[in-house]
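Let me begin by presenting the structure, written as structure tokens, before commenting on it.
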Amino acid sequence: MTAVTGMLLMSGGFEMPTTRFTATKPVIMAPAESLGAGDATPVPSAELGVDEGRWQHIVIHDSGSMAGTVRELDVQARRAGLDDLGYHFVIGNGAGLSDGVVEATPRWNRQGAGAHVAASPAPSPAERARIDGLNRRSIGICLIGNGERKAFTESQIRALIDLVRSLQVQLDIPASGVMLHSDLNREVASPGRFFPIERLEARLEP
């Protein structure tokens with residue numbers, strides 16, 4: 001299957017990053033002018049290799065570490081018993097993965113269910129079903145860093161806003177479908193107290 005990301009709009013009023021967006025995976029994306037600009041017809045998500053209609057939510061996380069790469073996060077996930085990294089996208093902070101760089105992970109490239117929304121240590125059957133459903137239908141985005149200890153970089157936040165808005169447009173995800181990990185599990189702080197939630201909410205598509 002061709003690797004896809006379906007991401008990173010570069011027009012239409014989006015906040016521009018301080019550095020050019022790059023990705024370390026092959027990218028197929030619609031031309032920016034076809035994604036909600038003027039009278040252009042949007043390119044269907046299915047033509048980008050994206051499982052249209054499946055993705056209903058976007059969940060934002062931090063890595064909990066001050067530095068890291070996708071490879072390092074993947075190793076940690078495998079040690080925790082996962083088949084591979086549970087997120088769909090990772091955004092670097094310059095300590096490991098370059099600042100503001102967005103990398104699509106194998107889960108996104110194969111359109112696989114996420115493994116990023118955590119359940120409590122001893123979940124009830126109802127909670128387990130809720131978490132499993134969220135992971136099947138939600139796109140996990142991880143910011144390298146620890147939002148309880150330090151603010152994320154300007155490039156990271158700009159990249160995150162553009163990525164989230166791009167996914168909203170491509171997949172018709174409303175603002176109500178964009179959440180923090182801590183919104184879904186009161187036992188986790190991710191993405192932390194330094195995450196600029198008001199700034200994100202002000203930039204979301206309706």
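Ordered as shown in the structure tokens, chains take letters A, B, and onward, while each chain numbers its residues from 1 and ligands are numbered from 1 in the order shown.
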
Query - helix (DSSP H, G or I) per DSSP on the backbone: members of range 23-165 of chain A, as number ranges by chain - result: A: 32-34, 45-48, 70-79, 106-109, 125-137, 154-165

Requested in this report: Give me the residues within 7 Å of range 121-137 of chain A as a PyMOL selection string, counting only C-alpha atoms and dropping any in the same chain fewer than 5 places off.
Outcome: chain A and resi 54-57+113-116

What would the file look like if the residues just selected were written as a PDB file, in the first residue's frame with N, CA and C atoms?
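Saved file result24.pdb follows:
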ATOM      1  N   ARG A  54     -14.093   6.772   8.327  1.00  0.00           N
ATOM      2  CA  ARG A  54     -13.710   6.032   9.533  1.00  0.00           C
ATOM      3  C   ARG A  54     -13.307   6.964  10.670  1.00  0.00           C
ATOM      4  N   TRP A  55     -12.502   7.978  10.342  1.00  0.00           N
ATOM      5  CA  TRP A  55     -11.887   8.802  11.373  1.00  0.00           C
ATOM      6  C   TRP A  55     -12.845   9.884  11.849  1.00  0.00           C
ATOM      7  N   GLN A  56     -13.180   9.852  13.127  1.00  0.00           N
ATOM      8  CA  GLN A  56     -14.164  10.770  13.708  1.00  0.00           C
ATOM      9  C   GLN A  56     -13.568  11.720  14.740  1.00  0.00           C
ATOM     10  N   HIS A  57     -12.391  11.403  15.256  1.00  0.00           N
ATOM     11  CA  HIS A  57     -11.796  12.202  16.326  1.00  0.00           C
ATOM     12  C   HIS A  57     -10.307  12.392  16.069  1.00  0.00           C
ATOM     13  N   ALA A 113      -5.846   1.048  13.177  1.00  0.00           N
ATOM     14  CA  ALA A 113      -6.414   1.575  14.420  1.00  0.00           C
ATOM     15  C   ALA A 113      -5.309   2.047  15.337  1.00  0.00           C
ATOM     16  N   GLY A 114      -5.573   3.104  16.094  1.00  0.00           N
ATOM     17  CA  GLY A 114      -4.591   3.622  17.022  1.00  0.00           C
ATOM     18  C   GLY A 114      -4.477   2.764  18.270  1.00  0.00           C
ATOM     19  N   ALA A 115      -3.451   3.052  19.053  1.00  0.00           N
ATOM     20  CA  ALA A 115      -3.255   2.432  20.362  1.00  0.00           C
ATOM     21  C   ALA A 115      -2.698   3.518  21.266  1.00  0.00           C
ATOM     22  N   HIS A 116      -3.438   4.631  21.342  1.00  0.00           N
ATOM     23  CA  HIS A 116      -2.921   5.823  22.018  1.00  0.00           C
ATOM     24  C   HIS A 116      -3.806   6.330  23.142  1.00  0.00           C
TER      25      HIS A 116
END

Requested in this report: Could you tell me how far CA of Leu171 in chain A lies from CA of Pro191 in chain A, in Å and to one decimal?
Outcome: 23.2 Å

**Report entry** Shortest interatomic distance to Glu103 in chain A - which of A:Ile141, A:Ala119, A:Val50, A:Ala175, counting only C-alpha atoms
**Finding:**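 Among A:Ile141, A:Ala119, A:Val50, A:Ala175, it is A:Ile141 that comes nearest to Glu103 in chain A.
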
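Closest to Ala189 in chain A among A:Asn146, A:Gln170, A:Thr69, A:Ser138 is A:Asn146, based on only C-alpha atoms.
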
Report task. Could you please determine the separation between CA of Leu85 in chain A and CA of Leu204 in chain A in Å, to one decimal place? Result ->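 Those two atoms sit 26.3 Å apart.
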
Which residues of range 66-143 of chain A have any atom within 8 Å of an atom in range 178-186 of chain A when counting only C-alpha atoms, and what is the closest pair of atoms for each, with the distance in Å to one decimal? Order the rows by chain and rising number and write it as a tab-separated table.
residue	atom	partner	partner_atom	distance
A:Val117	CA	A:His181	CA	6.6
A:Ala118	CA	A:Asn185	CA	7.0
A:Ala119	CA	A:Asn185	CA	7.0
A:Ser120	CA	A:Asn185	CA	7.6

Take the residues from that selection and write them out as an mmCIF file, in the first residue's frame, keeping N, CA and C atoms.
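Everything below was put into part-v5.cif:
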data_model
loop_
_atom_site.group_PDB
_atom_site.id
_atom_site.type_symbol
_atom_site.label_atom_id
_atom_site.label_comp_id
_atom_site.auth_asym_id
_atom_site.auth_seq_id
_atom_site.Cartn_x
_atom_site.Cartn_y
_atom_site.Cartn_z
ATOM 1 N N VAL A 117 -5.094 5.977 23.158
ATOM 2 C CA VAL A 117 -5.978 6.386 24.248
ATOM 3 C C VAL A 117 -5.899 5.322 25.330
ATOM 4 N N ALA A 118 -5.458 5.720 26.513
ATOM 5 C CA ALA A 118 -5.218 4.764 27.590
ATOM 6 C C ALA A 118 -6.466 4.529 28.426
ATOM 7 N N ALA A 119 -6.623 3.307 28.875
ATOM 8 C CA ALA A 119 -7.675 2.959 29.827
ATOM 9 C C ALA A 119 -7.090 3.008 31.233
ATOM 10 N N SER A 120 -7.942 2.970 32.232
ATOM 11 C CA SER A 120 -7.475 2.905 33.618
ATOM 12 C C SER A 120 -6.809 1.555 33.852
#

What lies within 10 Å of Pro206 in chain A using only C-alpha atoms, ignoring chain neighbours under 6 positions off, as a CSV table (one decimal) with N, CA and C atoms, in the first residue's frame?
chain,number,residue,atom,x,y,z
A,165,ARG,N,-6.0,21.1,11.4
A,165,ARG,CA,-7.0,21.7,10.5
A,165,ARG,C,-7.1,21.0,9.1
A,168,GLN,N,-9.1,17.9,9.7
A,168,GLN,CA,-10.5,18.3,9.8
A,168,GLN,C,-11.1,18.5,8.4
A,169,VAL,N,-10.4,19.2,7.6
A,169,VAL,CA,-11.0,19.5,6.2
A,169,VAL,C,-11.1,18.2,5.4
A,172,ASP,N,-13.6,15.7,7.4
A,172,ASP,CA,-14.9,16.3,7.9
A,172,ASP,C,-15.0,16.0,9.4
A,173,ILE,N,-14.0,16.3,10.1
A,173,ILE,CA,-14.0,16.1,11.6
A,173,ILE,C,-14.3,17.5,12.2
A,174,PRO,N,-15.4,17.6,13.0
A,174,PRO,CA,-15.8,18.9,13.6
A,174,PRO,C,-14.8,19.3,14.8
A,175,ALA,N,-14.9,20.5,15.2
A,175,ALA,CA,-14.1,21.0,16.3
A,175,ALA,C,-14.4,20.1,17.6
A,176,SER,N,-15.6,19.7,17.7
A,176,SER,CA,-16.0,18.9,18.9
A,176,SER,C,-15.3,17.5,18.9
